[in-house]
>>> print(open('run34.txt').read())   # compact mmCIF, C-alpha atoms
# COMPACT_ATOMS: atom_id res chain seq x y z
CA MET Z 415 7.66 -7.04 15.09
CA SER Z 416 4.89 -4.56 15.84
CA LEU Z 417 4.19 -1.54 13.72
CA PRO Z 418 3.74 1.69 15.66
CA ALA Z 419 0.56 3.56 14.78
CA PRO Z 420 1.37 6.05 12.00
CA THR Z 421 0.68 9.66 12.78
CA HIS Z 422 -0.78 10.37 9.38
CA HIS Z 423 -1.10 8.74 6.05
CA GLN Z 424 0.87 9.82 3.01
CA PRO Z 425 0.09 7.86 -0.11
CA ASN Z 426 2.75 7.48 -2.80
CA LEU Z 427 5.22 9.38 -0.70
CA PHE Z 428 8.04 7.06 -1.52
CA LEU Z 429 8.17 7.69 -5.21
CA GLU Z 430 6.73 11.18 -5.29
CA GLY Z 431 8.30 12.56 -2.13
CA ARG Z 432 10.89 14.77 -3.74
CA GLU Z 433 11.52 16.43 -0.39
CA PHE Z 434 13.62 13.43 0.55
CA LYS Z 435 17.20 14.30 -0.13
CA GLY Z 436 18.99 12.17 -2.67
CA ILE Z 437 15.88 10.49 -3.99
CA ASP Z 438 17.25 10.74 -7.53
CA LYS Z 439 20.13 8.61 -6.44
CA MET Z 440 17.97 5.65 -5.41
CA SER Z 441 19.42 2.37 -6.55
CA GLU Z 442 17.42 -0.08 -8.64
CA LEU Z 443 16.80 -2.25 -5.62
CA GLU Z 444 15.58 0.66 -3.53
CA MET Z 445 13.21 1.63 -6.33
CA ALA Z 446 11.79 -1.88 -6.48
CA MET Z 447 11.28 -1.85 -2.73
CA GLY Z 448 9.62 1.55 -2.98
CA MET Z 449 7.28 0.25 -5.65
CA LEU Z 450 6.09 -2.52 -3.31
CA ILE Z 451 5.28 0.03 -0.64
CA ASP Z 452 3.55 2.21 -3.20
CA VAL Z 453 1.38 -0.62 -4.57
CA PHE Z 454 0.25 -1.64 -1.10
CA ASP Z 455 -0.54 1.97 -0.29
CA ARG Z 456 -2.60 2.45 -3.43
CA TYR Z 457 -5.04 -0.27 -2.44
CA SER Z 458 -4.96 -0.03 1.35
CA SER Z 459 -6.01 3.61 1.36
CA THR Z 460 -9.34 3.15 -0.43
CA GLU Z 461 -11.44 2.18 2.58
CA GLY Z 462 -11.36 1.88 6.35
CA ASN Z 463 -7.91 1.83 7.91
CA LYS Z 464 -5.66 3.44 5.34
CA ASP Z 465 -2.67 1.31 6.30
CA THR Z 466 -4.24 -2.12 6.09
CA LEU Z 467 -5.99 -4.12 3.40
CA THR Z 468 -9.55 -5.26 3.97
CA LYS Z 469 -10.60 -8.42 2.18
CA ALA Z 470 -12.21 -6.32 -0.54
CA GLU Z 471 -9.07 -4.22 -1.00
CA LEU Z 472 -6.94 -7.35 -1.18
CA LYS Z 473 -9.27 -8.84 -3.78
CA THR Z 474 -9.00 -5.66 -5.88
CA LEU Z 475 -5.22 -5.65 -5.52
CA ILE Z 476 -4.95 -9.25 -6.70
CA GLU Z 477 -7.34 -8.74 -9.60
CA LYS Z 478 -5.50 -5.65 -10.81
CA GLU Z 479 -1.90 -6.61 -10.01
CA PHE Z 480 -2.04 -10.35 -10.64
CA PRO Z 481 -4.63 -10.58 -13.42
CA ASN Z 482 -3.85 -14.21 -14.11
CA PHE Z 483 -4.38 -15.29 -10.53
CA VAL Z 484 -8.15 -15.37 -10.45
CA LYS Z 485 -9.28 -16.74 -13.78
CA ASN Z 486 -12.65 -18.31 -13.07
CA SER Z 487 -15.33 -18.46 -10.41
CA LYS Z 488 -13.77 -21.52 -8.75
CA ASP Z 489 -10.88 -19.26 -7.76
CA LYS Z 490 -13.14 -16.99 -5.68
CA ASP Z 491 -12.50 -19.32 -2.75
CA ALA Z 492 -8.80 -18.93 -3.42
CA VAL Z 493 -8.96 -15.26 -2.45
CA ASP Z 494 -10.87 -16.06 0.73
CA LYS Z 495 -8.34 -18.73 1.60
CA LEU Z 496 -5.46 -16.41 0.78
CA PHE Z 497 -6.86 -13.65 2.96
CA LYS Z 498 -7.25 -16.05 5.86
CA ASN Z 499 -3.66 -17.25 5.43
CA LEU Z 500 -2.22 -13.75 5.20
CA ASP Z 501 -4.08 -12.39 8.19
CA ASP Z 502 -1.51 -13.59 10.69
CA ASN Z 503 -2.83 -11.81 13.77
CA GLY Z 504 -6.48 -12.57 13.01
CA ASP Z 505 -7.71 -8.98 12.96
CA SER Z 506 -9.43 -9.38 9.55
CA GLN Z 507 -7.01 -6.93 8.03
CA VAL Z 508 -3.83 -7.54 6.13
CA ASP Z 509 -1.19 -5.10 7.30
CA PHE Z 510 1.98 -4.23 5.42
CA ASN Z 511 4.14 -6.75 7.20
CA GLU Z 512 1.73 -9.59 6.37
CA PHE Z 513 1.54 -8.33 2.78
CA ILE Z 514 5.28 -8.10 2.24
CA ILE Z 515 5.80 -11.65 3.51
CA PHE Z 516 3.23 -12.80 0.94
CA VAL Z 517 5.00 -10.91 -1.85
CA ALA Z 518 8.38 -12.29 -0.81
CA ALA Z 519 7.07 -15.87 -0.84
CA LEU Z 520 5.45 -15.28 -4.22
CA THR Z 521 8.69 -13.84 -5.61
CA CYS Z 522 10.58 -16.91 -4.38
CA ALA Z 523 8.05 -19.13 -6.16
CA CYS Z 524 8.44 -17.08 -9.37
CA HIS Z 525 12.18 -17.37 -9.10
CA LYS Z 526 11.93 -21.16 -8.85
CA ILE Z 527 9.68 -21.25 -11.91
CA CYS Z 528 12.21 -19.11 -13.83
CA HIS Z 529 14.81 -21.79 -13.31
CA GLU Z 530 12.52 -24.71 -14.02
CA LYS Z 531 11.80 -23.17 -17.39
CA GLY Z 532 15.51 -23.11 -18.17
CA PRO Z 533 18.30 -20.55 -17.90
CA LYS Z 534 17.78 -17.11 -19.47
CA MET B 1329 3.22 -6.23 -16.65
CA THR B 1330 1.61 -4.64 -13.66
CA ASP B 1331 3.57 -2.49 -11.22
CA LEU B 1332 3.70 -5.27 -8.67
CA GLU B 1333 4.87 -7.85 -11.20
CA ASN B 1334 7.45 -5.33 -12.38
CA ALA B 1335 8.80 -4.82 -8.87
CA MET B 1336 8.98 -8.56 -8.24
CA GLU B 1337 10.81 -9.16 -11.51
CA LYS B 1338 13.25 -6.39 -10.63
CA LEU B 1339 14.07 -8.11 -7.34
CA ILE B 1340 14.82 -11.37 -9.16
CA ASN B 1341 16.89 -9.63 -11.84
CA ILE B 1342 18.95 -7.62 -9.40
CA PHE B 1343 19.72 -10.75 -7.38
CA HIS B 1344 20.86 -12.52 -10.56
CA GLN B 1345 22.98 -9.58 -11.69
CA TYR B 1346 25.21 -10.27 -8.71
CA SER B 1347 24.76 -14.00 -8.17
CA VAL B 1348 26.02 -15.02 -11.66
CA ARG B 1349 29.43 -13.45 -11.24
CA VAL B 1350 31.25 -16.00 -9.14
CA GLY B 1351 30.77 -19.73 -8.53
CA ASP B 1352 27.15 -20.89 -8.20
CA PHE B 1353 25.25 -18.65 -10.59
CA ASP B 1354 22.18 -18.71 -8.42
CA LYS B 1355 23.73 -17.89 -5.08
CA LEU B 1356 25.45 -14.85 -3.65
CA SER B 1357 28.96 -15.52 -2.41
CA LEU B 1358 30.29 -13.22 0.28
CA SER B 1359 32.01 -11.04 -2.33
CA GLU B 1360 28.90 -10.84 -4.51
CA PHE B 1361 26.75 -10.06 -1.48
CA SER B 1362 29.15 -7.30 -0.36
CA LYS B 1363 29.08 -5.77 -3.86
CA LEU B 1364 25.29 -5.90 -3.94
CA VAL B 1365 25.02 -4.14 -0.58
CA LYS B 1366 27.57 -1.46 -1.52
CA GLU B 1367 25.95 -0.69 -4.86
CA GLN B 1368 22.27 -1.19 -4.07
CA PHE B 1369 22.26 0.11 -0.50
CA PRO B 1370 24.85 2.88 -0.59
CA THR B 1371 23.90 4.17 2.85
CA TRP B 1372 24.30 0.81 4.57
CA LYS B 1373 26.94 0.89 7.31
CA PRO B 1374 29.22 -0.76 8.28
CA THR B 1375 30.53 -2.33 5.08
CA ASP B 1376 33.82 -3.83 6.19
CA PRO B 1377 34.29 -7.47 5.13
CA GLU B 1378 33.85 -8.82 8.66
CA SER B 1379 30.47 -7.10 9.11
CA MET B 1380 29.28 -8.32 5.72
CA LYS B 1381 30.26 -11.83 6.73
CA ILE B 1382 28.25 -11.54 9.92
CA VAL B 1383 25.16 -10.33 8.07
CA LEU B 1384 25.41 -13.09 5.47
CA GLN B 1385 25.89 -15.70 8.18
CA SER B 1386 22.85 -14.52 10.08
CA PHE B 1387 20.65 -15.14 7.04
CA ASP B 1388 22.46 -18.28 5.87
CA GLU B 1389 19.91 -20.81 7.02
CA ASN B 1390 21.34 -23.83 5.23
CA LYS B 1391 24.87 -22.90 6.30
CA ASP B 1392 26.37 -23.18 2.82
CA ARG B 1393 28.13 -19.79 3.25
CA GLU B 1394 26.21 -18.36 0.33
CA MET B 1395 22.92 -16.52 0.10
CA ASP B 1396 20.31 -18.13 -2.09
CA PHE B 1397 17.24 -16.28 -3.31
CA GLU B 1398 15.00 -17.31 -0.45
CA GLU B 1399 17.53 -16.14 2.11
CA PHE B 1400 17.89 -12.92 0.11
CA MET B 1401 14.15 -12.23 0.31
CA LYS B 1402 14.21 -12.95 4.02
CA MET B 1403 16.90 -10.32 4.39
CA LEU B 1404 14.90 -7.80 2.37
CA VAL B 1405 11.57 -8.21 4.15
CA PRO B 1406 12.46 -6.54 7.47
CA ASN B 1407 14.23 -3.79 5.57
CA ILE B 1408 11.27 -3.05 3.33
CA PHE B 1409 9.15 -3.06 6.45
CA MET B 1410 11.47 -0.64 8.28
CA ARG B 1411 11.44 1.63 5.25
CA ALA B 1412 7.66 1.65 5.25
CA ILE B 1413 7.67 2.64 8.92
CA ILE B 1414 10.00 5.56 8.17
CA ILE B 1415 7.68 6.77 5.46
CA THR B 1416 4.48 6.51 7.46
CA GLU B 1417 6.10 8.21 10.40
CA ASN B 1418 7.23 10.97 8.02
CA LEU B 1419 10.74 10.90 9.40
CA PRO B 1420 12.90 13.54 7.68
CA ILE B 1421 15.61 11.16 6.53
CA HIS B 1422 16.48 9.53 3.25
CA PRO B 1423 14.61 6.22 2.95
CA CYS B 1424 17.80 4.25 3.26
CA LEU B 1425 18.32 0.72 4.32
CA ILE B 1426 18.57 0.38 8.08
CA SER B 1427 21.96 -1.00 9.02
CA PRO B 1428 22.14 -4.43 10.66
CA ASP B 1429 22.65 -2.86 14.09
CA GLU B 1430 19.23 -1.28 13.99
CA VAL B 1431 17.10 -4.01 12.51
CA PRO B 1432 16.82 -7.12 14.62
CA LEU B 1433 18.23 -9.74 12.29
CA GLN B 1434 15.53 -12.27 11.69
CA THR B 1435 16.66 -15.69 10.70
CA SER B 1436 13.28 -17.30 10.56
CA GLN B 1437 10.38 -15.78 8.72
CA ASN B 1438 6.89 -17.10 8.74
CA PHE B 1439 6.68 -17.93 5.04
CA LYS B 1440 3.60 -19.90 4.18
>>> encode(input="run34.txt", output="structure tokens")
Amino acid sequence: MSLPAPTHHQPNLFLEGREFKGIDKMSELEMAMGMLIDVFDRYSSTEGNKDTLTKAELKTLIEKEFPNFVKNSKDKDAVDKLFKNLDDNGDSQVDFNEFIIFVAALTCACHKICHEKGPK
Amino acid sequence: MTDLENAMEKLINIFHQYSVRVGDFDKLSLSEFSKLVKEQFPTWKPTDPESMKIVLQSFDENKDREMDFEEFMKMLVPNIFMRAIIITENLPIHPCLISPDEVPLQTSQNFK
């Protein structure tokens, strides 16, 4: 699936874009999906291509959004490895599609852990 | 919890809200899946039982006629992606879920 080049960048449009009709009626699931787009956007827009994550942007995203992921200096390689794994098309950038697949896989892993720890 | 962790937890919780109702508490039966789509994606069309069955089947990789969490995420991914395209293209429509006719149904995702 290839992403057409966006005509212009609009950060946080999903949650703040009140011009969309019916935005108040977004379901819980739609809001969660919007949040994922918003988070990606927040970090991807800081440098270079505003719609992709550079390695530095990805590192910042992980440090801020998954604070328990990188705990000590040994884990620095983990981010490098992760970036390499996520960059599917080898262009040294992580685009939204590559990012969302990562988040989905991570969410599946979290879900498994939820059940291993016992029912709620 | 960070925003991203929040969003991920929401996805898990919403799935469970529907999966616990009937039979296997961790899988979406056809009826649970149909309810989830109707309530969480109100603009999704078509919603007749036959169409819902077709969608579920297309994502049912282990052919157990139910949707487990992994299959659920695989269904969501192309839809989140399509939504992001709509936003970046600044299309003047409600960021709704694209119906199955418009999104090529992907049955295999490159999960690492």
>>> residues_around(input="run34.txt", residues="Z:Thr460", least_positions_apart="4", cutoff="12 Å", atoms="all atoms listed in the file", output="number ranges by chain")
Z: 423, 425, 454-456, 464-472, 474-475
>>> residues_around(input="run34.txt", residues="Z:Leu500", least_positions_apart="6", cutoff="9 Å", atoms="all atoms listed in the file", output="PyMOL selection string")
(chain Z and resi 507-509+512-513+515-516) or (chain B and resi 1440)
>>> closest_residue(input="run34.txt", among="B:Arg1349, B:Lys1373, B:Lys1338, B:Lys1391", to="chain Z", atoms="only C-alpha atoms")
B:Lys1338
>>> residues_around(input="run34.txt", residues="stretch 1396-1400 of chain B", least_positions_apart="3", cutoff="9 Å", atoms="all atoms listed in the file", output="PyMOL selection string")
(chain Z and resi 518-519+521-522+525) or (chain B and resi 1340+1343-1344+1347+1354-1356+1387-1389+1403-1405+1435)
>>> residues_around(input="run34.txt", residues="Z:Val453", least_positions_apart="5", cutoff="9 Å", atoms="all atoms listed in the file", output="list in words")
Asn426, Gly448, Ser458, Leu475 and Glu479 of chain Z; Asp1331 and Leu1332 of chain B
>>> atom_distance(input="run34.txt", atom1="atom CA of B:Phe1353", atom2="atom CA of Z:Glu530")
14.5 Å
>>> atom_distance(input="run34.txt", atom1="atom CA of Z:Val493", atom2="atom CA of Z:Pro481")
12.7 Å
>>> residues_around(input="run34.txt", residues="B:Ile1342", least_positions_apart="3", cutoff="8 Å", atoms="only C-alpha atoms", output="number ranges by chain")
Z: 442-443; B: 1338-1339, 1345-1346
>>> atom_distance(input="run34.txt", atom1="atom CA of Z:Ile514", atom2="atom CA of Z:Tyr457")
13.8 Å
